[in-house]
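Just below is one structure, and these are the notes that go with it.
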Amino acid sequence: MRKRTAFFILIWIHIYLFAQQGQNSILLVERSVDRPLTVHKNQLQINAGYDFSMLSRRIDESGNIVNLSEAGIASAMHTFPLNIKYGILEFLEISAGTSYKKSGMRSEDYWTFSGSSKLHIQEINEHKGLEDMFMKMGLRLPFNLKSFDWSVSGSVTLPVAKYKPDKPDHEVILVEPVYDSYKFTYHYNNRFGTGVPTFKIRSAAKFRTERTAIIASADYFKPFSSGENIHWKSRRIYEEFEYTGLPYKYLPSQVISCSGAFTYQAIAWFSQYIIIDYYKIYGGWSELTGKRVANEKRNYMFISFGFEIQVSPYLRLSQLVELPGWGNNTDAPICFATNLSFNILTSK
Amino acid sequence: MVRSQNITIKTPGFIFIAVLFILFVFISACEESYNAVDPKTLDKWETYNTNNVLVSDSILSVAEDSKGNLWFGTRSNGVIKYDGKIWSNYTENIGLVNNNYIQAIEEDRFGNIWFGTAYGMSKYNGSEFLNYFASDTSLFDISDITEDRLGNIWVGTYGLGLYIGDENSFERRTFNDSLLDVINVIVEDLEGNIWLGTYGGVLKFNGINFIPYTTNNGLASNEVLSIIQDSYGDIWFGTFGGKYVNRFDGTSFHNVALYSGFIYTVVYSIIEDRSGNIWFANGFNGVTVYDGVTMHTIGKNDGLAGYMINAILEDSKGDIWFCSNNNGISKYIPR
């Protein structure tokens, strides 16, 4: 029964895709520089990818680079983004998406004491899970595409992803009985959910020539309200650890970002681009210690280089590398991203 | 056909305006981040001494009243009040019973501040002092004052036992062991029991009887200087000369060794901060912080004014105050 169902689904997909071979399907092979800022009417676009971020440097408060590799605490993050766009009208699109992320960060080891015991402490902060799902609506002007178009969009994220950290676990190894020396490994299990609804507006403009295009965009992200999370406090009673979840309130930071992208259409199916992004993160607070403490202000600029290949009328492949620029109070990872974009017209 | 064209032109404009309006409403509805402390101002130490604002560098006690004023008891210069801006000095000249050894400060439910000195007790109602003396001796050396949940004022003395009463009259209570009459600290737990730390061990008053606990029960030393109840409900005891501090879980005493560099401990004060860290004032070696798993000791190199700490207080803002024996006051603003 399953094989038969799968067979009919494949046949249906095949017929469906080839049914797009008409005048409208030209939209699906249009060059990167020619594309409007929103997808076309009835166009369904599914984007899926994989990003690998390698964090070996951090930028401190003064803007100086801190080499995490030298301290032995470099880490990596794996991201699997997925989003779907659909053109309701030629100038109106809706989209939704989320991503799955996983990272493990080890802090710098240190020695301390507990009574007469000597303790070697190692902390591992693991983050794993889905990000909150966003739903977006975008509008574009003018309706007849020329050398310039402009779009504005608004999106909300719903706090559907898990955001409260799981209970931590500790591993205790007796290293040297004579000196009463132990190795403690703290393992914190964090999530990527925000825990509160958030909202983002975006405006973008695109100028295009025969072989080039420039896209300038600005985003503003803000949480709707404060939320409540838990902080796990642990204590060791002889050989056992006890964990207590202490609630605290928080308000995520606001983010203003702007971006400039230059695209060069080398040939009809191949384009290259350079993107410069700037993020300013400010506002927000947490009451982890009972005192309302503002989140640290951060800003960060990075530059990306990439290309896009039109693999088939339905499939685009893009890859880019993000390199850290300047900023303060921020991680400065190097990111390699690959994205597959599948496009069809759902009706003529 | 003409009507159709009109609709295609007007509808997008309307949608744009509607979207912009909705975005404006969204932004307006968002919660703003007011009154948050700048993280750059945290994890800092400040020192107050006779070189800047204090009249004495020897501070024995500290308490915060319901208005947010901090009161510090000095060894021989009366009481110091800090309202967040101004440091004021209250002495015998304006009615305080005595300037020496202000070891006890307590605010009662009516907002009166009680001060215990080496020669009596004063109640300050915000404008004047009402002084209390022992009827049978001039030396009325008060170690601690606590108001219980019923409104009774418990006054501990060095050698005269316990006084219980209200602002009008006090009843003296002594014990059959003179060491038990040396009361260092009085604490009420969450169940309403009163714990007395004495030179003869601990006495727990359950409303009916005084139940003794000594080294025979597991106390590290019978000379108990400090007591607190932590957020887990356990009672901690700091002693003079014990090898450990004790954690009492309601059934038995557990030894917790402080890494202070000394074999024996002298713990004058214990507090639990709002993050659940327990701070022990070492008599000789600064302060030890215990996060439930690890400990570290804080000394002069970290920002503490002196190594001999008599009292610790976490104020309503979350800042932690350390009263040193000879070096003034340190304030730590935690991260």
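In the structure tokens, the first chain shown is A, the next is B, and so on; residue numbers restart at 1 for each chain, and ligands run from 1 in the order shown.
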
What lies within 6 Å of segment 251-267 of chain A using only C-alpha atoms, ignoring chain neighbours under 6 positions off, as a compact mmCIF listing (two decimals) with all heavy atoms, in the first residue's frame?
```
# COMPACT_ATOMS: atom_id res chain seq x y z
N ARG A 211 23.61 43.71 -16.01
CA ARG A 211 24.37 42.61 -15.41
C ARG A 211 24.57 42.74 -13.90
O ARG A 211 25.18 41.88 -13.29
CB ARG A 211 25.76 42.54 -16.07
CG ARG A 211 25.74 41.84 -17.41
CD ARG A 211 27.14 41.72 -17.95
NE ARG A 211 27.16 40.91 -19.15
CZ ARG A 211 27.33 39.60 -19.14
NH1 ARG A 211 27.49 38.95 -18.01
NH2 ARG A 211 27.36 38.92 -20.27
N THR A 212 24.11 43.82 -13.36
CA THR A 212 24.36 44.01 -11.92
C THR A 212 23.07 44.40 -11.19
O THR A 212 22.11 44.86 -11.82
CB THR A 212 25.39 45.12 -11.66
OG1 THR A 212 24.88 46.33 -12.22
CG2 THR A 212 26.73 44.79 -12.26
N ALA A 213 23.10 44.20 -9.91
CA ALA A 213 21.98 44.64 -9.06
C ALA A 213 22.52 44.99 -7.69
O ALA A 213 23.50 44.41 -7.22
CB ALA A 213 20.93 43.54 -8.94
N ILE A 214 21.89 45.97 -7.11
CA ILE A 214 22.24 46.34 -5.73
C ILE A 214 20.96 46.27 -4.90
O ILE A 214 19.93 46.82 -5.30
CB ILE A 214 22.82 47.77 -5.66
CG1 ILE A 214 24.17 47.81 -6.38
CG2 ILE A 214 22.98 48.21 -4.21
CD1 ILE A 214 24.73 49.21 -6.53
N ILE A 215 21.05 45.56 -3.79
CA ILE A 215 19.91 45.49 -2.87
C ILE A 215 20.34 46.11 -1.54
O ILE A 215 21.35 45.72 -0.96
CB ILE A 215 19.46 44.03 -2.63
CG1 ILE A 215 19.02 43.37 -3.93
CG2 ILE A 215 18.32 43.98 -1.61
CD1 ILE A 215 18.68 41.90 -3.80
N ALA A 216 19.56 47.06 -1.10
CA ALA A 216 19.79 47.66 0.22
C ALA A 216 18.58 47.36 1.08
O ALA A 216 17.44 47.47 0.61
CB ALA A 216 19.99 49.16 0.10
N SER A 217 18.81 46.93 2.30
CA SER A 217 17.68 46.58 3.15
C SER A 217 17.95 46.99 4.60
O SER A 217 19.11 47.14 5.01
CB SER A 217 17.39 45.08 3.09
OG SER A 217 18.48 44.35 3.61
N ALA A 218 16.88 47.16 5.33
CA ALA A 218 16.98 47.47 6.77
C ALA A 218 15.91 46.68 7.50
O ALA A 218 14.80 46.50 6.99
CB ALA A 218 16.79 48.96 7.00
N ASP A 219 16.27 46.20 8.69
CA ASP A 219 15.36 45.39 9.49
C ASP A 219 15.27 45.96 10.90
O ASP A 219 16.23 46.53 11.40
CB ASP A 219 15.88 43.94 9.63
CG ASP A 219 15.92 43.21 8.32
OD1 ASP A 219 16.70 43.63 7.43
OD2 ASP A 219 15.20 42.22 8.17
N TYR A 220 14.14 45.78 11.48
CA TYR A 220 13.97 46.14 12.89
C TYR A 220 13.23 45.01 13.58
O TYR A 220 12.15 44.60 13.16
CB TYR A 220 13.17 47.45 13.00
CG TYR A 220 12.86 47.84 14.42
CD1 TYR A 220 13.87 48.14 15.32
CD2 TYR A 220 11.54 47.90 14.87
CE1 TYR A 220 13.58 48.49 16.62
CE2 TYR A 220 11.25 48.25 16.17
CZ TYR A 220 12.28 48.55 17.04
OH TYR A 220 12.00 48.89 18.33
N PHE A 221 13.86 44.49 14.63
CA PHE A 221 13.32 43.34 15.35
C PHE A 221 13.04 43.74 16.79
O PHE A 221 13.87 44.41 17.42
CB PHE A 221 14.34 42.20 15.31
CG PHE A 221 14.08 41.07 16.26
CD1 PHE A 221 13.34 39.96 15.84
CD2 PHE A 221 14.57 41.08 17.55
CE1 PHE A 221 13.09 38.92 16.71
CE2 PHE A 221 14.32 40.04 18.43
CZ PHE A 221 13.58 38.95 18.01
N LYS A 222 11.90 43.32 17.29
CA LYS A 222 11.57 43.71 18.66
C LYS A 222 10.65 42.66 19.28
O LYS A 222 9.77 42.14 18.61
CB LYS A 222 10.86 45.07 18.65
CG LYS A 222 10.78 45.71 20.01
CD LYS A 222 10.23 47.11 19.93
CE LYS A 222 10.25 47.73 21.31
NZ LYS A 222 9.65 49.03 21.35
N SER A 226 7.83 40.82 27.74
CA SER A 226 8.82 40.07 28.51
C SER A 226 8.31 38.65 28.74
O SER A 226 7.12 38.37 28.59
CB SER A 226 9.08 40.76 29.85
OG SER A 226 7.88 40.89 30.56
N TYR A 273 27.94 37.35 -5.70
CA TYR A 273 27.51 38.50 -4.91
C TYR A 273 28.40 38.74 -3.69
O TYR A 273 29.08 37.85 -3.20
CB TYR A 273 26.05 38.39 -4.49
CG TYR A 273 25.65 37.09 -3.87
CD1 TYR A 273 25.78 36.87 -2.52
CD2 TYR A 273 25.10 36.07 -4.66
CE1 TYR A 273 25.39 35.69 -1.95
CE2 TYR A 273 24.71 34.87 -4.11
CZ TYR A 273 24.86 34.68 -2.74
OH TYR A 273 24.47 33.51 -2.18
N ILE A 274 28.36 39.98 -3.27
CA ILE A 274 29.03 40.40 -2.04
C ILE A 274 27.97 41.09 -1.16
O ILE A 274 27.20 41.91 -1.66
CB ILE A 274 30.16 41.42 -2.32
CG1 ILE A 274 31.22 40.80 -3.22
CG2 ILE A 274 30.79 41.90 -1.02
CD1 ILE A 274 32.26 41.80 -3.67
N ILE A 275 27.96 40.72 0.09
CA ILE A 275 26.97 41.30 1.02
C ILE A 275 27.70 41.87 2.24
O ILE A 275 28.60 41.21 2.77
CB ILE A 275 25.94 40.26 1.50
CG1 ILE A 275 25.28 39.56 0.32
CG2 ILE A 275 24.88 40.90 2.39
CD1 ILE A 275 24.44 38.36 0.72
N ILE A 276 27.31 43.03 2.63
CA ILE A 276 27.82 43.60 3.89
C ILE A 276 26.63 43.77 4.82
O ILE A 276 25.63 44.40 4.46
CB ILE A 276 28.52 44.94 3.67
CG1 ILE A 276 29.77 44.73 2.81
CG2 ILE A 276 28.89 45.58 4.99
CD1 ILE A 276 30.45 46.01 2.40
N ASP A 277 26.72 43.16 6.01
CA ASP A 277 25.63 43.23 6.99
C ASP A 277 26.12 43.94 8.24
O ASP A 277 27.26 43.75 8.67
CB ASP A 277 25.19 41.82 7.39
CG ASP A 277 24.44 41.12 6.29
OD1 ASP A 277 23.26 41.41 6.12
OD2 ASP A 277 25.07 40.29 5.60
N TYR A 278 25.24 44.69 8.83
CA TYR A 278 25.56 45.35 10.10
C TYR A 278 24.40 45.13 11.06
O TYR A 278 23.23 45.31 10.70
CB TYR A 278 25.78 46.85 9.89
CG TYR A 278 25.92 47.60 11.19
CD1 TYR A 278 27.08 47.50 11.95
CD2 TYR A 278 24.88 48.40 11.67
CE1 TYR A 278 27.19 48.17 13.16
CE2 TYR A 278 24.99 49.07 12.88
CZ TYR A 278 26.15 48.94 13.61
OH TYR A 278 26.27 49.60 14.81
N TYR A 279 24.73 44.71 12.28
CA TYR A 279 23.72 44.47 13.31
C TYR A 279 24.01 45.36 14.52
O TYR A 279 25.14 45.44 14.96
CB TYR A 279 23.75 43.02 13.79
CG TYR A 279 23.16 42.04 12.81
CD1 TYR A 279 23.92 41.55 11.77
CD2 TYR A 279 21.84 41.63 12.93
CE1 TYR A 279 23.38 40.66 10.85
CE2 TYR A 279 21.29 40.74 12.02
CZ TYR A 279 22.07 40.26 10.99
OH TYR A 279 21.53 39.39 10.09
N LYS A 280 22.97 45.98 15.03
CA LYS A 280 23.08 46.71 16.29
C LYS A 280 22.05 46.10 17.24
O LYS A 280 20.86 46.09 16.94
CB LYS A 280 22.80 48.19 16.08
CG LYS A 280 22.87 49.03 17.34
CD LYS A 280 22.53 50.47 17.00
CE LYS A 280 22.39 51.32 18.26
NZ LYS A 280 23.60 51.47 19.01
N ILE A 281 22.53 45.56 18.35
CA ILE A 281 21.66 44.85 19.29
C ILE A 281 21.64 45.64 20.59
O ILE A 281 22.70 45.94 21.16
CB ILE A 281 22.20 43.42 19.51
CG1 ILE A 281 22.21 42.68 18.17
CG2 ILE A 281 21.35 42.67 20.52
CD1 ILE A 281 23.06 41.44 18.15
N TYR A 282 20.48 45.98 21.06
CA TYR A 282 20.39 46.86 22.22
C TYR A 282 19.06 46.59 22.94
O TYR A 282 18.19 45.88 22.44
CB TYR A 282 20.48 48.33 21.80
CG TYR A 282 19.31 48.77 20.95
CD1 TYR A 282 18.26 49.49 21.51
CD2 TYR A 282 19.24 48.44 19.60
CE1 TYR A 282 17.18 49.88 20.73
CE2 TYR A 282 18.15 48.81 18.83
CZ TYR A 282 17.13 49.53 19.39
OH TYR A 282 16.06 49.90 18.64
N GLY A 283 18.91 47.21 24.11
CA GLY A 283 17.68 47.05 24.89
C GLY A 283 17.60 45.66 25.50
O GLY A 283 18.51 44.85 25.41
N GLY A 284 16.49 45.39 26.13
CA GLY A 284 16.29 44.10 26.76
C GLY A 284 16.95 44.01 28.12
O GLY A 284 17.82 44.81 28.46
N TRP A 285 16.53 43.06 28.91
CA TRP A 285 17.08 42.89 30.25
C TRP A 285 16.79 41.48 30.74
O TRP A 285 16.00 40.75 30.13
CB TRP A 285 16.49 43.91 31.23
CG TRP A 285 15.00 44.08 31.14
CD1 TRP A 285 14.33 45.07 30.48
CD2 TRP A 285 13.98 43.23 31.69
NE1 TRP A 285 12.98 44.90 30.59
CE2 TRP A 285 12.73 43.77 31.33
CE3 TRP A 285 14.00 42.07 32.44
CZ2 TRP A 285 11.51 43.19 31.70
CZ3 TRP A 285 12.79 41.49 32.82
CH2 TRP A 285 11.56 42.05 32.45
```

Could you list, as a count of residues only, every residue within 10 Å of segment 142-149 of chain A, counting only C-alpha atoms and ignoring same-chain residues fewer than 6 positions away? 22

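Here atom CA of Thr215 of chain B and atom CA of Tyr307 of chain B stand 27.8 Å from one another.
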
Give the answer as one residue: which of B:Gly126, B:Gly328, B:Gly276, B:Gly111 has the shortest atom-to-atom distance to chain A, using only C-alpha atoms? B:Gly276

Please produce, as JSON lines, a per-residue contact table for chain A versus chain B (criterion: any atom at most 9 Å away, only C-alpha atoms considered), showing the nearest atom pair and its distance in Å to one decimal, sorted by chain then residue number.
```
{"residue": "A:Phe91", "atom": "CA", "partner": "B:Pro12", "partner_atom": "CA", "distance": 8.5}
{"residue": "A:Thr112", "atom": "CA", "partner": "B:Thr294", "partner_atom": "CA", "distance": 6.8}
{"residue": "A:Phe113", "atom": "CA", "partner": "B:Met295", "partner_atom": "CA", "distance": 5.5}
{"residue": "A:Ser114", "atom": "CA", "partner": "B:Thr294", "partner_atom": "CA", "distance": 4.6}
{"residue": "A:Gly115", "atom": "CA", "partner": "B:Ala257", "partner_atom": "CA", "distance": 4.1}
{"residue": "A:Ser116", "atom": "CA", "partner": "B:Tyr259", "partner_atom": "CA", "distance": 6.3}
{"residue": "A:Ser117", "atom": "CA", "partner": "B:Tyr259", "partner_atom": "CA", "distance": 8.7}
{"residue": "A:Leu119", "atom": "CA", "partner": "B:Thr294", "partner_atom": "CA", "distance": 7.9}
{"residue": "A:Leu139", "atom": "CA", "partner": "B:Phe16", "partner_atom": "CA", "distance": 7.5}
{"residue": "A:Leu141", "atom": "CA", "partner": "B:Pro12", "partner_atom": "CA", "distance": 8.9}
{"residue": "A:Val152", "atom": "CA", "partner": "B:Phe16", "partner_atom": "CA", "distance": 8.6}
{"residue": "A:Ser153", "atom": "CA", "partner": "B:Val19", "partner_atom": "CA", "distance": 8.4}
{"residue": "A:Gly154", "atom": "CA", "partner": "B:Leu23", "partner_atom": "CA", "distance": 7.1}
{"residue": "A:Thr198", "atom": "CA", "partner": "B:Cys30", "partner_atom": "CA", "distance": 8.8}
{"residue": "A:Phe199", "atom": "CA", "partner": "B:Phe26", "partner_atom": "CA", "distance": 7.6}
{"residue": "A:Lys200", "atom": "CA", "partner": "B:Leu23", "partner_atom": "CA", "distance": 8.9}
{"residue": "A:Ile201", "atom": "CA", "partner": "B:Leu23", "partner_atom": "CA", "distance": 7.4}
{"residue": "A:Lys222", "atom": "CA", "partner": "B:Cys30", "partner_atom": "CA", "distance": 7.3}
{"residue": "A:Pro223", "atom": "CA", "partner": "B:Cys30", "partner_atom": "CA", "distance": 6.4}
{"residue": "A:Phe224", "atom": "CA", "partner": "B:Cys30", "partner_atom": "CA", "distance": 4.3}
{"residue": "A:Ser225", "atom": "CA", "partner": "B:Glu31", "partner_atom": "CA", "distance": 5.0}
{"residue": "A:Ser226", "atom": "CA", "partner": "B:Glu31", "partner_atom": "CA", "distance": 7.0}
{"residue": "A:Lys233", "atom": "CA", "partner": "B:Gly276", "partner_atom": "CA", "distance": 7.8}
{"residue": "A:Ser234", "atom": "CA", "partner": "B:Gly292", "partner_atom": "CA", "distance": 6.3}
{"residue": "A:Arg235", "atom": "CA", "partner": "B:Gly292", "partner_atom": "CA", "distance": 4.0}
{"residue": "A:Arg236", "atom": "CA", "partner": "B:Val293", "partner_atom": "CA", "distance": 5.2}
{"residue": "A:Ile237", "atom": "CA", "partner": "B:Gly292", "partner_atom": "CA", "distance": 8.4}
{"residue": "A:Phe241", "atom": "CA", "partner": "B:Val293", "partner_atom": "CA", "distance": 8.6}
{"residue": "A:Leu251", "atom": "CA", "partner": "B:Ser33", "partner_atom": "CA", "distance": 7.4}
{"residue": "A:Ser253", "atom": "CA", "partner": "B:Ser33", "partner_atom": "CA", "distance": 8.7}
{"residue": "A:Gly283", "atom": "CA", "partner": "B:Ser33", "partner_atom": "CA", "distance": 5.8}
{"residue": "A:Gly284", "atom": "CA", "partner": "B:Ser33", "partner_atom": "CA", "distance": 5.4}
{"residue": "A:Trp285", "atom": "CA", "partner": "B:Ala36", "partner_atom": "CA", "distance": 6.4}
{"residue": "A:Ser286", "atom": "CA", "partner": "B:Ala36", "partner_atom": "CA", "distance": 8.4}
{"residue": "A:Leu288", "atom": "CA", "partner": "B:Ser275", "partner_atom": "CA", "distance": 7.8}
{"residue": "A:Thr289", "atom": "CA", "partner": "B:Ser275", "partner_atom": "CA", "distance": 5.3}
{"residue": "A:Gly290", "atom": "CA", "partner": "B:Arg274", "partner_atom": "CA", "distance": 6.4}
{"residue": "A:Lys291", "atom": "CA", "partner": "B:Gly318", "partner_atom": "CA", "distance": 6.5}
{"residue": "A:Arg292", "atom": "CA", "partner": "B:Ala36", "partner_atom": "CA", "distance": 5.1}
{"residue": "A:Val293", "atom": "CA", "partner": "B:Val37", "partner_atom": "CA", "distance": 4.5}
{"residue": "A:Ala294", "atom": "CA", "partner": "B:Ala36", "partner_atom": "CA", "distance": 4.9}
{"residue": "A:Asn295", "atom": "CA", "partner": "B:Pro39", "partner_atom": "CA", "distance": 7.2}
{"residue": "A:Glu296", "atom": "CA", "partner": "B:Pro39", "partner_atom": "CA", "distance": 6.6}
```

Check the DSSP output for the backbone and give back, as a VMD selection string, the residues of segment 13-176 of chain B in alpha helix (DSSP H). chain B and resid 13 to 29

I need the chosen residues saved as a PDB file, in the first residue's frame, with N, CA, C and O atoms.
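Listing of selection-v9.pdb after writing:
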```pdb
ATOM      1  N   GLY B  13      -2.504  50.486  -2.757  1.00  0.00           N
ATOM      2  CA  GLY B  13      -2.227  51.642  -1.914  1.00  0.00           C
ATOM      3  C   GLY B  13      -2.880  51.502  -0.560  1.00  0.00           C
ATOM      4  O   GLY B  13      -2.273  51.775   0.481  1.00  0.00           O
ATOM      5  N   PHE B  14      -4.103  51.006  -0.584  1.00  0.00           N
ATOM      6  CA  PHE B  14      -4.803  50.801   0.680  1.00  0.00           C
ATOM      7  C   PHE B  14      -4.075  49.757   1.535  1.00  0.00           C
ATOM      8  O   PHE B  14      -3.903  49.929   2.743  1.00  0.00           O
ATOM      9  N   ILE B  15      -3.647  48.691   0.869  1.00  0.00           N
ATOM     10  CA  ILE B  15      -2.936  47.622   1.605  1.00  0.00           C
ATOM     11  C   ILE B  15      -1.658  48.168   2.231  1.00  0.00           C
ATOM     12  O   ILE B  15      -1.342  47.898   3.395  1.00  0.00           O
ATOM     13  N   PHE B  16      -0.930  49.000   1.467  1.00  0.00           N
ATOM     14  CA  PHE B  16       0.319  49.561   1.992  1.00  0.00           C
ATOM     15  C   PHE B  16       0.065  50.396   3.239  1.00  0.00           C
ATOM     16  O   PHE B  16       0.764  50.267   4.251  1.00  0.00           O
ATOM     17  N   ILE B  17      -0.946  51.230   3.161  1.00  0.00           N
ATOM     18  CA  ILE B  17      -1.252  52.082   4.311  1.00  0.00           C
ATOM     19  C   ILE B  17      -1.682  51.224   5.492  1.00  0.00           C
ATOM     20  O   ILE B  17      -1.265  51.443   6.633  1.00  0.00           O
ATOM     21  N   ALA B  18      -2.496  50.202   5.194  1.00  0.00           N
ATOM     22  CA  ALA B  18      -2.966  49.322   6.267  1.00  0.00           C
ATOM     23  C   ALA B  18      -1.797  48.600   6.917  1.00  0.00           C
ATOM     24  O   ALA B  18      -1.720  48.495   8.150  1.00  0.00           O
ATOM     25  N   VAL B  19      -0.854  48.132   6.095  1.00  0.00           N
ATOM     26  CA  VAL B  19       0.306  47.414   6.641  1.00  0.00           C
ATOM     27  C   VAL B  19       1.146  48.336   7.516  1.00  0.00           C
ATOM     28  O   VAL B  19       1.556  47.981   8.619  1.00  0.00           O
ATOM     29  N   LEU B  20       1.380  49.559   7.017  1.00  0.00           N
ATOM     30  CA  LEU B  20       2.169  50.510   7.797  1.00  0.00           C
ATOM     31  C   LEU B  20       1.492  50.828   9.125  1.00  0.00           C
ATOM     32  O   LEU B  20       2.143  50.940  10.165  1.00  0.00           O
ATOM     33  N   PHE B  21       0.161  50.937   9.090  1.00  0.00           N
ATOM     34  CA  PHE B  21      -0.579  51.220  10.314  1.00  0.00           C
ATOM     35  C   PHE B  21      -0.436  50.065  11.311  1.00  0.00           C
ATOM     36  O   PHE B  21      -0.185  50.267  12.498  1.00  0.00           O
ATOM     37  N   ILE B  22      -0.555  48.837  10.790  1.00  0.00           N
ATOM     38  CA  ILE B  22      -0.433  47.656  11.663  1.00  0.00           C
ATOM     39  C   ILE B  22       0.968  47.603  12.268  1.00  0.00           C
ATOM     40  O   ILE B  22       1.144  47.326  13.454  1.00  0.00           O
ATOM     41  N   LEU B  23       1.985  47.903  11.443  1.00  0.00           N
ATOM     42  CA  LEU B  23       3.356  47.895  11.957  1.00  0.00           C
ATOM     43  C   LEU B  23       3.539  48.929  13.057  1.00  0.00           C
ATOM     44  O   LEU B  23       4.186  48.676  14.075  1.00  0.00           O
ATOM     45  N   PHE B  24       2.941  50.092  12.871  1.00  0.00           N
ATOM     46  CA  PHE B  24       3.028  51.146  13.872  1.00  0.00           C
ATOM     47  C   PHE B  24       2.390  50.687  15.181  1.00  0.00           C
ATOM     48  O   PHE B  24       2.935  50.888  16.270  1.00  0.00           O
ATOM     49  N   VAL B  25       1.226  50.033  15.059  1.00  0.00           N
ATOM     50  CA  VAL B  25       0.542  49.528  16.263  1.00  0.00           C
ATOM     51  C   VAL B  25       1.405  48.475  16.951  1.00  0.00           C
ATOM     52  O   VAL B  25       1.543  48.451  18.173  1.00  0.00           O
ATOM     53  N   PHE B  26       2.026  47.595  16.159  1.00  0.00           N
ATOM     54  CA  PHE B  26       2.896  46.548  16.722  1.00  0.00           C
ATOM     55  C   PHE B  26       4.031  47.172  17.530  1.00  0.00           C
ATOM     56  O   PHE B  26       4.299  46.790  18.658  1.00  0.00           O
ATOM     57  N   ILE B  27       4.696  48.159  16.921  1.00  0.00           N
ATOM     58  CA  ILE B  27       5.839  48.781  17.605  1.00  0.00           C
ATOM     59  C   ILE B  27       5.386  49.460  18.893  1.00  0.00           C
ATOM     60  O   ILE B  27       6.014  49.341  19.937  1.00  0.00           O
ATOM     61  N   SER B  28       4.244  50.129  18.815  1.00  0.00           N
ATOM     62  CA  SER B  28       3.745  50.837  19.997  1.00  0.00           C
ATOM     63  C   SER B  28       3.392  49.870  21.117  1.00  0.00           C
ATOM     64  O   SER B  28       3.517  50.192  22.291  1.00  0.00           O
ATOM     65  N   ALA B  29       2.937  48.671  20.737  1.00  0.00           N
ATOM     66  CA  ALA B  29       2.478  47.701  21.740  1.00  0.00           C
ATOM     67  C   ALA B  29       3.630  46.990  22.428  1.00  0.00           C
ATOM     68  O   ALA B  29       3.442  46.333  23.440  1.00  0.00           O
TER      69      ALA B  29
END
```

Excluding same-chain residues fewer than 5 positions from segment 340-347 of chain A, what lies within 6 Å of it counting only C-alpha atoms, as a VMD selection string? chain A and resid 42 to 49 314 to 317

Residues just named, written with N, CA, C and O atoms as an mmCIF file, in the first residue's frame:
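Saved the output as result.cif:
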```cif
data_model
loop_
_atom_site.group_PDB
_atom_site.id
_atom_site.type_symbol
_atom_site.label_atom_id
_atom_site.label_comp_id
_atom_site.auth_asym_id
_atom_site.auth_seq_id
_atom_site.Cartn_x
_atom_site.Cartn_y
_atom_site.Cartn_z
ATOM 1 N N ASN A 42 1.529 33.118 -7.536
ATOM 2 C CA ASN A 42 1.395 31.649 -7.592
ATOM 3 C C ASN A 42 2.732 30.919 -7.525
ATOM 4 O O ASN A 42 2.771 29.710 -7.713
ATOM 5 N N GLN A 43 3.793 31.637 -7.332
ATOM 6 C CA GLN A 43 5.087 30.960 -7.225
ATOM 7 C C GLN A 43 5.256 30.411 -5.815
ATOM 8 O O GLN A 43 5.057 31.125 -4.825
ATOM 9 N N LEU A 44 5.635 29.150 -5.767
ATOM 10 C CA LEU A 44 5.935 28.516 -4.480
ATOM 11 C C LEU A 44 7.431 28.293 -4.416
ATOM 12 O O LEU A 44 8.014 27.679 -5.318
ATOM 13 N N GLN A 45 8.051 28.835 -3.412
ATOM 14 C CA GLN A 45 9.505 28.693 -3.270
ATOM 15 C C GLN A 45 9.803 28.008 -1.932
ATOM 16 O O GLN A 45 9.342 28.456 -0.886
ATOM 17 N N ILE A 46 10.558 26.938 -2.018
ATOM 18 C CA ILE A 46 10.958 26.221 -0.801
ATOM 19 C C ILE A 46 12.473 26.308 -0.682
ATOM 20 O O ILE A 46 13.193 25.878 -1.592
ATOM 21 N N ASN A 47 12.938 26.902 0.391
ATOM 22 C CA ASN A 47 14.379 27.063 0.620
ATOM 23 C C ASN A 47 14.814 26.196 1.790
ATOM 24 O O ASN A 47 14.212 26.246 2.868
ATOM 25 N N ALA A 48 15.817 25.406 1.544
ATOM 26 C CA ALA A 48 16.365 24.575 2.619
ATOM 27 C C ALA A 48 17.877 24.619 2.510
ATOM 28 O O ALA A 48 18.423 24.762 1.400
ATOM 29 N N GLY A 49 18.555 24.534 3.630
ATOM 30 C CA GLY A 49 19.999 24.648 3.545
ATOM 31 C C GLY A 49 20.714 24.095 4.753
ATOM 32 O O GLY A 49 20.110 23.490 5.653
ATOM 33 N N TYR A 314 13.763 24.682 -11.924
ATOM 34 C CA TYR A 314 13.118 24.647 -10.614
ATOM 35 C C TYR A 314 14.089 24.785 -9.450
ATOM 36 O O TYR A 314 13.671 25.024 -8.329
ATOM 37 N N LEU A 315 15.328 24.625 -9.741
ATOM 38 C CA LEU A 315 16.272 24.500 -8.637
ATOM 39 C C LEU A 315 17.424 25.496 -8.746
ATOM 40 O O LEU A 315 18.039 25.627 -9.809
ATOM 41 N N ARG A 316 17.670 26.182 -7.635
ATOM 42 C CA ARG A 316 18.824 27.080 -7.546
ATOM 43 C C ARG A 316 19.699 26.635 -6.387
ATOM 44 O O ARG A 316 19.180 26.265 -5.325
ATOM 45 N N LEU A 317 20.977 26.733 -6.600
ATOM 46 C CA LEU A 317 21.937 26.392 -5.548
ATOM 47 C C LEU A 317 22.761 27.633 -5.245
ATOM 48 O O LEU A 317 23.288 28.268 -6.165
#
```
